[in-house]
$ cat target-v4.pdb   # PDB, C-alpha atoms
ATOM      1  CA  MET A   1       0.000   0.000   0.000
ATOM      2  CA  ASP A   2       1.331   3.428  -0.952
ATOM      3  CA  GLY A   3       0.743   5.394   2.248
ATOM      4  CA  ALA A   4       1.749   8.729   0.717
ATOM      5  CA  LYS A   5      -0.750   8.436  -2.135
ATOM      6  CA  LEU A   6      -3.479   7.311   0.247
ATOM      7  CA  THR A   7      -2.815  10.247   2.568
ATOM      8  CA  GLU A   8      -2.922  12.645  -0.373
ATOM      9  CA  PHE A   9      -6.235  11.122  -1.448
ATOM     10  CA  LEU A  10      -7.749  11.429   2.046
ATOM     11  CA  GLU A  11      -6.503  14.977   2.530
ATOM     12  CA  TYR A  12      -8.278  15.883  -0.709
ATOM     13  CA  GLN A  13     -11.534  14.551   0.796
ATOM     14  CA  ILE A  14     -11.097  16.970   3.699
ATOM     15  CA  LYS A  15     -10.761  19.842   1.237
ATOM     16  CA  GLU A  16     -13.935  18.613  -0.460
ATOM     17  CA  LYS A  17     -15.696  18.634   2.958
ATOM     18  CA  LEU A  18     -16.550  14.936   2.991
ATOM     19  CA  PHE A  19     -15.064  14.658   6.485
ATOM     20  CA  SER A  20     -12.901  16.775   8.768
ATOM     21  CA  ALA A  21     -10.773  13.910  10.113
ATOM     22  CA  TYR A  22      -9.548  10.450   9.187
ATOM     23  CA  GLN A  23      -7.446   7.589  10.486
ATOM     24  CA  PHE A  24      -6.334   4.379   8.854
ATOM     25  CA  TYR A  25      -4.422   1.402  10.136
ATOM     26  CA  THR A  26      -3.531  -1.874   8.433
ATOM     27  CA  SER A  27      -1.768  -5.031   9.563
ATOM     28  CA  LYS A  28      -0.662  -8.406   8.263
ATOM     29  CA  ASN A  29      -0.035 -11.370  10.546
ATOM     30  CA  GLY A  30      -0.385  -9.023  13.500
ATOM     31  CA  VAL A  31       2.290  -6.609  12.305
ATOM     32  CA  LYS A  32       1.498  -3.042  11.248
ATOM     33  CA  THR A  33       1.866  -2.493   7.517
ATOM     34  CA  ASN A  34       0.627   1.080   7.288
ATOM     35  CA  SER A  35      -1.097   3.821   9.242
ATOM     36  CA  GLY A  36      -2.001   7.461   8.980
ATOM     37  CA  PHE A  37      -4.231  10.209  10.254
ATOM     38  CA  GLY A  38      -5.126  13.765   9.460
ATOM     39  CA  GLY A  39      -7.587  16.573   9.893
ATOM     40  CA  THR A  40      -9.278  18.271  12.794
ATOM     41  CA  ILE A  41     -12.059  17.635  15.299
ATOM     42  CA  SER A  42     -14.495  19.581  13.113
ATOM     43  CA  PHE A  43     -14.465  21.962  10.175
ATOM     44  CA  LYS A  44     -14.654  24.868  12.637
ATOM     45  CA  ASN A  45     -12.643  23.490  15.558
ATOM     46  CA  ARG A  46      -9.036  23.281  14.374
ATOM     47  CA  HIS A  47      -7.962  20.921  17.165
ATOM     48  CA  VAL A  48      -5.741  18.463  15.253
ATOM     49  CA  ILE A  49      -6.355  14.735  15.709
ATOM     50  CA  ASP A  50      -3.628  12.119  16.164
ATOM     51  CA  CYS A  51      -3.245   8.347  15.965
ATOM     52  CA  ALA A  52      -4.866   7.890  19.389
ATOM     53  CA  THR A  53      -7.946  10.018  18.730
ATOM     54  CA  VAL A  54     -11.093   7.932  19.025
ATOM     55  CA  PHE A  55     -14.017   8.054  16.606
ATOM     56  CA  ASP A  56     -17.672   7.165  17.041
ATOM     57  CA  ILE A  57     -17.533   3.741  15.374
ATOM     58  CA  ALA A  58     -21.345   3.510  15.124
ATOM     59  CA  SER A  59     -22.522   0.064  13.921
ATOM     60  CA  ILE A  60     -19.055  -1.464  14.140
ATOM     61  CA  THR A  61     -20.124  -1.713  17.804
ATOM     62  CA  LYS A  62     -22.180  -4.714  16.690
ATOM     63  CA  VAL A  63     -19.130  -6.819  15.757
ATOM     64  CA  VAL A  64     -16.802  -5.436  18.424
ATOM     65  CA  LEU A  65     -19.142  -6.051  21.362
ATOM     66  CA  ALA A  66     -22.376  -7.900  20.634
ATOM     67  CA  VAL A  67     -21.159 -10.609  18.260
ATOM     68  CA  PRO A  68     -18.064 -11.697  20.239
ATOM     69  CA  VAL A  69     -19.898 -11.693  23.590
ATOM     70  CA  LEU A  70     -22.753 -13.714  22.100
ATOM     71  CA  TYR A  71     -20.307 -16.130  20.446
ATOM     72  CA  HIS A  72     -18.600 -16.581  23.816
ATOM     73  CA  LEU A  73     -21.900 -17.421  25.497
ATOM     74  CA  ILE A  74     -22.696 -19.885  22.713
ATOM     75  CA  TYR A  75     -19.263 -21.520  22.993
ATOM     76  CA  ASN A  76     -19.709 -21.936  26.756
ATOM     77  CA  LYS A  77     -23.210 -23.371  26.201
ATOM     78  CA  LYS A  78     -24.828 -20.573  28.180
ATOM     79  CA  LEU A  79     -26.915 -19.567  25.171
ATOM     80  CA  SER A  80     -28.117 -21.470  22.130
ATOM     81  CA  PRO A  81     -28.366 -19.748  18.752
ATOM     82  CA  ASP A  82     -31.716 -21.539  18.393
ATOM     83  CA  CYS A  83     -33.017 -20.041  21.636
ATOM     84  CA  LYS A  84     -36.344 -18.248  21.118
ATOM     85  CA  VAL A  85     -36.261 -14.533  21.877
ATOM     86  CA  CYS A  86     -39.634 -14.871  23.632
ATOM     87  CA  LYS A  87     -37.746 -16.649  26.426
ATOM     88  CA  PHE A  88     -36.463 -13.208  27.387
ATOM     89  CA  PHE A  89     -39.360 -11.068  26.192
ATOM     90  CA  ASN A  90     -42.854 -12.580  26.277
ATOM     91  CA  ASP A  91     -44.223  -9.994  23.866
ATOM     92  CA  ILE A  92     -41.847 -10.913  21.036
ATOM     93  CA  SER A  93     -43.160 -13.437  18.512
ATOM     94  CA  ASP A  94     -42.274 -17.004  19.493
ATOM     95  CA  ASP A  95     -40.771 -17.806  16.082
ATOM     96  CA  VAL A  96     -37.823 -15.382  16.337
ATOM     97  CA  THR A  97     -34.500 -16.916  17.409
ATOM     98  CA  VAL A  98     -31.296 -15.418  18.768
ATOM     99  CA  PHE A  99     -29.457 -16.530  15.632
ATOM    100  CA  GLU A 100     -31.944 -14.688  13.423
ATOM    101  CA  LEU A 101     -31.210 -11.506  15.359
ATOM    102  CA  ILE A 102     -27.440 -11.999  15.030
ATOM    103  CA  ASP A 103     -27.731 -12.872  11.342
ATOM    104  CA  HIS A 104     -30.221 -10.088  10.467
ATOM    105  CA  SER A 105     -32.683 -12.713   9.222
ATOM    106  CA  SER A 106     -35.453 -11.979  11.734
ATOM    107  CA  GLY A 107     -37.380  -9.853   9.251
ATOM    108  CA  PHE A 108     -37.500  -6.842  11.563
ATOM    109  CA  PRO A 109     -37.304  -3.516   9.704
ATOM    110  CA  ALA A 110     -34.015  -1.638   9.639
ATOM    111  CA  TRP A 111     -34.932   1.025  12.136
ATOM    112  CA  THR A 112     -37.621   2.782  14.151
ATOM    113  CA  PRO A 113     -37.314   6.133  15.989
ATOM    114  CA  PHE A 114     -37.831   5.110  19.611
ATOM    115  CA  TYR A 115     -36.877   8.624  20.736
ATOM    116  CA  ASP A 116     -39.967   9.941  18.942
ATOM    117  CA  GLU A 117     -42.321   7.276  20.295
ATOM    118  CA  ILE A 118     -41.298   6.976  23.948
ATOM    119  CA  ASN A 119     -41.660   9.516  26.743
ATOM    120  CA  GLY A 120     -38.220  11.054  27.206
ATOM    121  CA  THR A 121     -38.700  11.550  30.959
ATOM    122  CA  LEU A 122     -38.854   7.810  31.646
ATOM    123  CA  SER A 123     -35.922   6.017  33.274
ATOM    124  CA  ILE A 124     -33.527   4.160  30.986
ATOM    125  CA  GLU A 125     -34.948   0.811  32.114
ATOM    126  CA  ASN A 126     -38.507   1.932  31.400
ATOM    127  CA  LYS A 127     -37.438   3.268  28.014
ATOM    128  CA  LYS A 128     -35.971  -0.141  27.204
ATOM    129  CA  ALA A 129     -39.202  -1.856  28.292
ATOM    130  CA  GLU A 130     -41.174   0.488  26.061
ATOM    131  CA  ALA A 131     -38.783  -0.194  23.176
ATOM    132  CA  VAL A 132     -39.461  -3.932  23.511
ATOM    133  CA  ARG A 133     -43.216  -3.263  23.537
ATOM    134  CA  ILE A 134     -42.918  -1.233  20.334
ATOM    135  CA  ILE A 135     -40.736  -3.881  18.676
ATOM    136  CA  SER A 136     -43.279  -6.564  19.547
ATOM    137  CA  LYS A 137     -45.868  -4.715  17.450
ATOM    138  CA  VAL A 138     -43.585  -4.003  14.484
ATOM    139  CA  LYS A 139     -44.483  -5.864  11.302
ATOM    140  CA  ARG A 140     -41.814  -8.356  10.269
ATOM    141  CA  GLU A 141     -41.046  -9.668   6.816
ATOM    142  CA  LYS A 142     -40.509 -13.307   7.730
ATOM    143  CA  ARG A 143     -37.657 -15.269   6.171
ATOM    144  CA  LYS A 144     -36.173 -12.098   4.735
ATOM    145  CA  ARG A 145     -32.696 -10.813   5.547
ATOM    146  CA  ILE A 146     -32.846  -7.115   6.427
ATOM    147  CA  TYR A 147     -29.911  -5.350   8.040
ATOM    148  CA  SER A 148     -31.568  -4.011  11.182
ATOM    149  CA  ASP A 149     -30.554  -2.025  14.250
ATOM    150  CA  ILE A 150     -33.625  -3.457  15.971
ATOM    151  CA  ASN A 151     -32.004  -6.916  15.960
ATOM    152  CA  TYR A 152     -29.005  -5.658  17.904
ATOM    153  CA  ILE A 153     -30.951  -3.417  20.230
ATOM    154  CA  LEU A 154     -32.812  -6.566  21.306
ATOM    155  CA  LEU A 155     -29.558  -8.555  21.525
ATOM    156  CA  GLY A 156     -28.136  -5.917  23.845
ATOM    157  CA  PHE A 157     -31.172  -6.206  26.095
ATOM    158  CA  ILE A 158     -30.804 -10.005  26.061
ATOM    159  CA  LEU A 159     -27.148  -9.775  27.091
ATOM    160  CA  GLU A 160     -28.107  -7.500  29.979
ATOM    161  CA  LYS A 161     -30.769  -9.978  31.084
ATOM    162  CA  ILE A 162     -28.361 -12.929  30.943
ATOM    163  CA  HIS A 163     -25.567 -11.156  32.808
ATOM    164  CA  GLY A 164     -27.680  -8.942  35.051
ATOM    165  CA  LYS A 165     -25.340  -6.053  34.221
ATOM    166  CA  SER A 166     -25.026  -3.105  31.875
ATOM    167  CA  LEU A 167     -23.307  -3.563  28.523
ATOM    168  CA  ASP A 168     -20.216  -1.603  29.543
ATOM    169  CA  ALA A 169     -19.718  -3.919  32.539
ATOM    170  CA  ILE A 170     -20.382  -6.968  30.347
ATOM    171  CA  PHE A 171     -17.804  -5.810  27.793
ATOM    172  CA  SER A 172     -15.215  -5.097  30.500
ATOM    173  CA  GLU A 173     -15.649  -8.574  31.982
ATOM    174  CA  PHE A 174     -15.446 -10.165  28.534
ATOM    175  CA  LEU A 175     -12.138  -8.414  27.856
ATOM    176  CA  ILE A 176     -10.662  -9.444  31.201
ATOM    177  CA  GLU A 177     -11.836 -13.060  30.911
ATOM    178  CA  ASN A 178     -10.256 -13.375  27.469
ATOM    179  CA  GLY A 179      -7.080 -11.460  28.230
ATOM    180  CA  ILE A 180      -7.828  -8.853  25.569
ATOM    181  CA  LYS A 181      -6.259  -5.450  26.039
ATOM    182  CA  THR A 182      -7.958  -2.480  24.393
ATOM    183  CA  GLU A 183      -8.882   1.144  24.940
ATOM    184  CA  ILE A 184     -12.205   0.763  23.102
ATOM    185  CA  CYS A 185     -14.889   2.265  25.324
ATOM    186  CA  PHE A 186     -18.338   3.806  25.658
ATOM    187  CA  ASN A 187     -17.235   6.997  27.401
ATOM    188  CA  PRO A 188     -14.290   8.733  25.709
ATOM    189  CA  LYS A 189     -12.404  11.237  27.831
ATOM    190  CA  ASN A 190     -10.714  13.272  25.131
ATOM    191  CA  ALA A 191     -12.040  15.251  22.185
ATOM    192  CA  VAL A 192     -13.778  13.186  19.495
ATOM    193  CA  PRO A 193     -14.303  14.197  15.838
ATOM    194  CA  LEU A 194     -17.771  15.682  15.605
ATOM    195  CA  THR A 195     -20.506  13.839  13.754
ATOM    196  CA  SER A 196     -23.935  15.037  12.629
ATOM    197  CA  TYR A 197     -25.959  17.745  14.356
ATOM    198  CA  SER A 198     -28.439  16.171  16.776
ATOM    199  CA  THR A 199     -32.007  17.436  16.600
ATOM    200  CA  LEU A 200     -32.701  15.517  19.802
ATOM    201  CA  ARG A 201     -29.902  17.287  21.712
ATOM    202  CA  LYS A 202     -30.021  20.584  19.794
ATOM    203  CA  ASN A 203     -26.254  20.430  19.408
ATOM    204  CA  TYR A 204     -23.422  18.357  18.017
ATOM    205  CA  PRO A 205     -22.768  15.187  20.060
ATOM    206  CA  ASP A 206     -19.944  15.957  22.495
ATOM    207  CA  LYS A 207     -18.113  12.712  23.245
ATOM    208  CA  THR A 208     -21.478  10.976  22.958
ATOM    209  CA  VAL A 209     -22.835   8.614  20.318
ATOM    210  CA  GLU A 210     -24.353  10.136  17.188
ATOM    211  CA  ASP A 211     -27.087   7.504  16.888
ATOM    212  CA  GLU A 212     -30.230   9.027  18.397
ATOM    213  CA  ASN A 213     -31.763   5.710  19.507
ATOM    214  CA  SER A 214     -28.552   4.722  21.267
ATOM    215  CA  PHE A 215     -28.279   8.090  23.000
ATOM    216  CA  PHE A 216     -31.956   7.985  24.005
ATOM    217  CA  LEU A 217     -31.509   4.500  25.498
ATOM    218  CA  GLY A 218     -28.511   5.560  27.586
ATOM    219  CA  GLY A 219     -25.681   5.513  25.046
ATOM    220  CA  LYS A 220     -24.563   1.986  25.938
ATOM    221  CA  THR A 221     -26.280  -0.211  23.393
ATOM    222  CA  ALA A 222     -25.290  -3.191  21.269
ATOM    223  CA  HIS A 223     -25.983  -1.551  17.912
ATOM    224  CA  ALA A 224     -23.935   1.635  18.463
ATOM    225  CA  GLY A 225     -22.152   3.534  21.208
ATOM    226  CA  LEU A 226     -18.506   2.463  21.237
ATOM    227  CA  PHE A 227     -15.576   4.787  20.507
ATOM    228  CA  ALA A 228     -12.202   3.630  19.210
ATOM    229  CA  SER A 229      -9.202   4.513  17.092
ATOM    230  CA  ALA A 230      -8.467   2.620  13.900
ATOM    231  CA  LYS A 231      -5.348   1.124  15.492
ATOM    232  CA  GLU A 232      -7.165  -0.081  18.619
ATOM    233  CA  THR A 233      -9.878  -1.683  16.514
ATOM    234  CA  VAL A 234      -7.418  -3.577  14.314
ATOM    235  CA  ASN A 235      -5.470  -4.683  17.395
ATOM    236  CA  TYR A 236      -8.694  -5.815  19.045
ATOM    237  CA  PHE A 237      -9.617  -8.078  16.135
ATOM    238  CA  GLU A 238      -6.074  -9.450  15.973
ATOM    239  CA  GLN A 239      -6.450 -10.589  19.577
ATOM    240  CA  LEU A 240      -9.978 -11.883  19.055
ATOM    241  CA  LEU A 241      -9.102 -13.913  15.960
ATOM    242  CA  ALA A 242      -6.266 -15.551  17.890
ATOM    243  CA  LYS A 243      -8.823 -17.100  20.262
ATOM    244  CA  GLU A 244      -9.596 -20.688  19.323
ATOM    245  CA  TRP A 245     -13.153 -20.455  20.672
ATOM    246  CA  PHE A 246     -13.892 -17.409  18.518
ATOM    247  CA  ARG A 247     -12.610 -19.092  15.373
ATOM    248  CA  LYS A 248     -14.612 -22.234  16.143
ATOM    249  CA  VAL A 249     -17.948 -20.492  16.770
ATOM    250  CA  SER A 250     -17.370 -18.096  13.874
ATOM    251  CA  LEU A 251     -16.948 -20.972  11.424
ATOM    252  CA  ASN A 252     -19.934 -22.861  12.859
ATOM    253  CA  LEU A 253     -22.155 -19.796  12.450
ATOM    254  CA  ASN A 254     -20.581 -18.657   9.163
ATOM    255  CA  PHE A 255     -19.446 -15.414  10.797
ATOM    256  CA  ALA A 256     -23.042 -14.362  11.426
ATOM    257  CA  GLY A 257     -23.231 -10.660  12.213
ATOM    258  CA  PHE A 258     -20.350  -9.685   9.941
ATOM    259  CA  ASP A 259     -20.674  -8.484   6.351
ATOM    260  CA  LYS A 260     -19.468 -10.834   3.624
ATOM    261  CA  PRO A 261     -18.275  -8.423   0.910
ATOM    262  CA  GLU A 262     -19.238  -9.314  -2.636
ATOM    263  CA  GLY A 263     -19.783  -7.716  -6.032
ATOM    264  CA  ASN A 264     -17.637  -5.253  -7.948
ATOM    265  CA  ASN A 265     -19.348  -2.215  -6.440
ATOM    266  CA  SER A 266     -18.904  -3.015  -2.777
ATOM    267  CA  ASN A 267     -18.031  -0.616   0.041
ATOM    268  CA  TYR A 268     -15.172  -3.046   0.660
ATOM    269  CA  GLY A 269     -13.530  -2.579  -2.719
ATOM    270  CA  THR A 270     -14.120  -3.333  -6.374
ATOM    271  CA  ASN A 271     -12.815  -6.905  -6.155
ATOM    272  CA  PRO A 272     -13.789  -8.340  -2.767
ATOM    273  CA  ASP A 273     -13.339 -11.976  -1.745
ATOM    274  CA  PRO A 274     -16.594 -13.124  -0.069
ATOM    275  CA  GLU A 275     -15.142 -16.549   0.686
ATOM    276  CA  ASN A 276     -12.369 -15.178   2.850
ATOM    277  CA  GLN A 277     -13.273 -11.630   3.863
ATOM    278  CA  ILE A 278     -15.550 -10.288   6.578
ATOM    279  CA  GLY A 279     -16.140  -6.727   7.639
ATOM    280  CA  HIS A 280     -18.521  -4.093   8.903
ATOM    281  CA  LEU A 281     -19.423  -0.480   8.255
ATOM    282  CA  GLY A 282     -20.379   2.356  10.562
ATOM    283  CA  PHE A 283     -22.864   5.063   9.579
ATOM    284  CA  THR A 284     -20.538   7.816  10.805
ATOM    285  CA  GLY A 285     -18.011   6.914   8.099
ATOM    286  CA  THR A 286     -16.087   4.050   9.671
ATOM    287  CA  ALA A 287     -15.219   0.665   8.126
ATOM    288  CA  ILE A 288     -13.181  -2.427   8.871
ATOM    289  CA  LEU A 289     -12.251  -5.348   6.637
ATOM    290  CA  ILE A 290     -10.631  -8.623   7.689
ATOM    291  CA  ASP A 291      -9.047 -10.953   5.131
ATOM    292  CA  LEU A 292      -8.931 -14.303   6.908
ATOM    293  CA  LYS A 293      -6.862 -16.023   4.209
ATOM    294  CA  LYS A 294      -4.207 -13.339   3.829
ATOM    295  CA  GLU A 295      -4.353 -12.499   7.561
ATOM    296  CA  LYS A 296      -4.762  -8.813   6.805
ATOM    297  CA  ILE A 297      -6.904  -6.343   8.702
ATOM    298  CA  ALA A 298      -7.628  -2.777   7.636
ATOM    299  CA  ALA A 299      -9.643  -0.021   9.275
ATOM    300  CA  LEU A 300     -10.560   3.376   7.861
ATOM    301  CA  PHE A 301     -12.280   5.799  10.227
ATOM    302  CA  THR A 302     -13.775   9.165   9.285
ATOM    303  CA  ASN A 303     -16.503  11.523  10.497
ATOM    304  CA  ALA A 304     -18.279  11.657   7.145
ATOM    305  CA  THR A 305     -21.654  12.581   8.684
ATOM    306  CA  HIS A 306     -20.228  15.905   9.912
ATOM    307  CA  PRO A 307     -21.677  18.494   9.902
ATOM    308  CA  SER A 308     -24.724  16.750   8.461
ATOM    309  CA  ALA A 309     -25.538  13.284   7.191
ATOM    310  CA  GLU A 310     -27.628  15.013   4.527
ATOM    311  CA  LYS A 311     -24.677  16.440   2.597
ATOM    312  CA  VAL A 312     -24.907  15.954  -1.152
ATOM    313  CA  ASP A 313     -24.036  12.430  -2.338
ATOM    314  CA  ARG A 314     -22.498  11.515   1.046
ATOM    315  CA  LYS A 315     -23.226   7.781   0.735
ATOM    316  CA  GLU A 316     -21.756   7.482  -2.735
ATOM    317  CA  ARG A 317     -18.738   9.633  -1.889
ATOM    318  CA  ILE A 318     -17.784   7.703   1.260
ATOM    319  CA  LYS A 319     -18.355   4.475  -0.662
ATOM    320  CA  LYS A 320     -15.816   5.546  -3.277
ATOM    321  CA  VAL A 321     -13.327   6.458  -0.552
ATOM    322  CA  ARG A 322     -13.763   3.049   1.078
ATOM    323  CA  GLN A 323     -13.382   1.285  -2.264
ATOM    324  CA  HIS A 324     -10.144   3.108  -2.961
ATOM    325  CA  PHE A 325      -8.803   2.291   0.490
ATOM    326  CA  PHE A 326      -9.736  -1.405   0.468
ATOM    327  CA  ASP A 327      -8.558  -1.888  -3.104
ATOM    328  CA  LEU A 328      -5.134  -0.835  -1.887
ATOM    329  CA  LEU A 329      -5.433  -3.415   0.920
ATOM    330  CA  THR A 330      -6.003  -6.327  -1.448
TER     331      THR A 330
END
$ encode --input "target-v4.pdb" --output "structure tokens"
Amino acid sequence: MDGAKLTEFLEYQIKEKLFSAYQFYTSKNGVKTNSGFGGTISFKNRHVIDCATVFDIASITKVVLAVPVLYHLIYNKKLSPDCKVCKFFNDISDDVTVFELIDHSSGFPAWTPFYDEINGTLSIENKKAEAVRIISKVKREKRKRIYSDINYILLGFILEKIHGKSLDAIFSEFLIENGIKTEICFNPKNAVPLTSYSTLRKNYPDKTVEDENSFFLGGKTAHAGLFASAKETVNYFEQLLAKEWFRKVSLNLNFAGFDKPEGNNSNYGTNPDPENQIGHLGFTGTAILIDLKKEKIAALFTNATHPSAEKVDRKERIKKVRQHFFDLLT
């Protein structure tokens, strides 16, 4: 990978106002092959970022927290992928399984604005109970795979029920039990690149998750909420993939929860390898790709939703940036 050309390309995207900050980090066989960073906290705040600056990783939270913790429970026979979700929530249809939530095959729609439908003065626990009630009434498209935040919101609630603890405590215990060292967290202490203006908060999120549902439900959810640097995220997956139990469950479940890149117009590059690659994207402008055969991992983090997710052609522009980056990886 030509780091200089990549940096020049990413700096151009800053000038074009696609994002104000970026980081990238790549490794092979656990050894760094390239890294870089640039830009500022926002287009107005000229505080320069560095390699340790953390980004709102948005939906990458799903595969950093929810999927590994669930896999660990499955490996230890404390949870079956065939377990019915109604075991935890009586109101949820009795034909939905835990695996279907993990695999996005439950048929639940992609999203619903809980923050618009639930009384904001309720406690976090009561908000979660109301969210489950709303989900129970949502129309599902059975036997259809739909990428859905609702699946992982429910999975987060299930993890809390199983462990009797909040997700941040669950994640901390998981890391300790597996000897994984990481700075990935829910509550960043230092300045974070700004994301999109929040109509719910009437301001830009300040070291808080961009996702409005996550923020409304306390900020510690299984579908979004974690903050990390590109380096920490790559290092985290290096450690996770070295665990025999993770490899075993991953293969048994066909890496359920991860994306399997395919097609010549993928966010993961123009020539992905669906047989050997897995990855995930984050709405804020983050992405990670793991090549299991070549033992390469690459992460590209940006704040592409800043100052607004409604900027012209944002989705197509960040897709092209990701393609360029991941094409260099492979």
$ atom_distance --input "target-v4.pdb" --atom1 "atom CA of Ala224 of chain A" --atom2 "atom CA of Ser106 of chain A"
19.1 Å
$ resolve_selection --input "target-v4.pdb" --expression "the PyMOL selection byres ((chain A and resi 28) around 8)" --output "MDAnalysis selection string"
chainID A and resid 26:27 29:33 294:297
$ axis_aligned_box --input "target-v4.pdb" --around "segment 191-205 of chain A" --padding-each-side "6 Å" --output "AutoDock Vina command-line options"
--center_x -22.4 --center_y 16.9 --center_z 17.4 --size_x 32.7 --size_y 19.4 --size_z 21.6
$ resolve_selection --input "target-v4.pdb" --expression "the PyMOL selection byres ((chain A and resi 7-16) around 8)" --output "VMD selection string"
chain A and resid 3 to 6 17 to 22 36 to 39 321
$ closest_residue --input "target-v4.pdb" --among "A:Thr182, A:Ser250, A:Ser42, A:Asn213" --to "Val69 of chain A" --atoms "all atoms listed in the file"
A:Ser250
$ resolve_selection --input "target-v4.pdb" --expression "the PyMOL selection byres ((chain A and resi 113) around 10)" --output "list in words"
Trp111, Thr112, Phe114, Tyr115, Asp116, Glu117, Ile118, Ala131, Glu212, Asn213 and Phe216 of chain A
$ atom_distance --input "target-v4.pdb" --atom1 "atom CA of Glu183 of chain A" --atom2 "atom CA of Phe215 of chain A"
20.7 Å
$ closest_residue --input "target-v4.pdb" --among "A:Ala58, A:Ala304, A:Ala66, A:Ile176" --to "Leu155 of chain A" --atoms "only C-alpha atoms"
A:Ala66
$ decode --input "target-v4.pdb" --residues "segment 2-15 of chain A" --atoms "N, CA and C atoms" --output "compact mmCIF listing (two decimals), in the first residue's frame"
# COMPACT_ATOMS: atom_id res chain seq x y z
N ASP A 2 0.59 2.18 -0.88
CA ASP A 2 1.33 3.43 -0.95
C ASP A 2 0.70 4.42 0.02
N GLY A 3 1.29 4.53 1.21
CA GLY A 3 0.74 5.39 2.25
C GLY A 3 0.69 6.85 1.86
N ALA A 4 1.70 7.32 1.12
CA ALA A 4 1.75 8.73 0.72
C ALA A 4 0.60 9.07 -0.22
N LYS A 5 0.34 8.19 -1.20
CA LYS A 5 -0.75 8.44 -2.14
C LYS A 5 -2.10 8.37 -1.43
N LEU A 6 -2.23 7.44 -0.49
CA LEU A 6 -3.48 7.31 0.25
C LEU A 6 -3.73 8.56 1.09
N THR A 7 -2.68 9.03 1.76
CA THR A 7 -2.82 10.25 2.57
C THR A 7 -3.21 11.44 1.70
N GLU A 8 -2.59 11.56 0.55
CA GLU A 8 -2.92 12.65 -0.37
C GLU A 8 -4.39 12.55 -0.79
N PHE A 9 -4.85 11.35 -1.06
CA PHE A 9 -6.24 11.12 -1.45
C PHE A 9 -7.20 11.52 -0.33
N LEU A 10 -6.88 11.13 0.92
CA LEU A 10 -7.75 11.43 2.05
C LEU A 10 -7.73 12.91 2.40
N GLU A 11 -6.58 13.54 2.28
CA GLU A 11 -6.50 14.98 2.53
C GLU A 11 -7.37 15.75 1.52
N TYR A 12 -7.42 15.25 0.30
CA TYR A 12 -8.28 15.88 -0.71
C TYR A 12 -9.75 15.82 -0.29
N GLN A 13 -10.14 14.70 0.34
CA GLN A 13 -11.53 14.55 0.80
C GLN A 13 -11.87 15.57 1.89
N ILE A 14 -10.88 15.92 2.69
CA ILE A 14 -11.10 16.97 3.70
C ILE A 14 -11.36 18.30 3.00
N LYS A 15 -10.58 18.59 1.99
CA LYS A 15 -10.76 19.84 1.24
C LYS A 15 -12.13 19.88 0.57
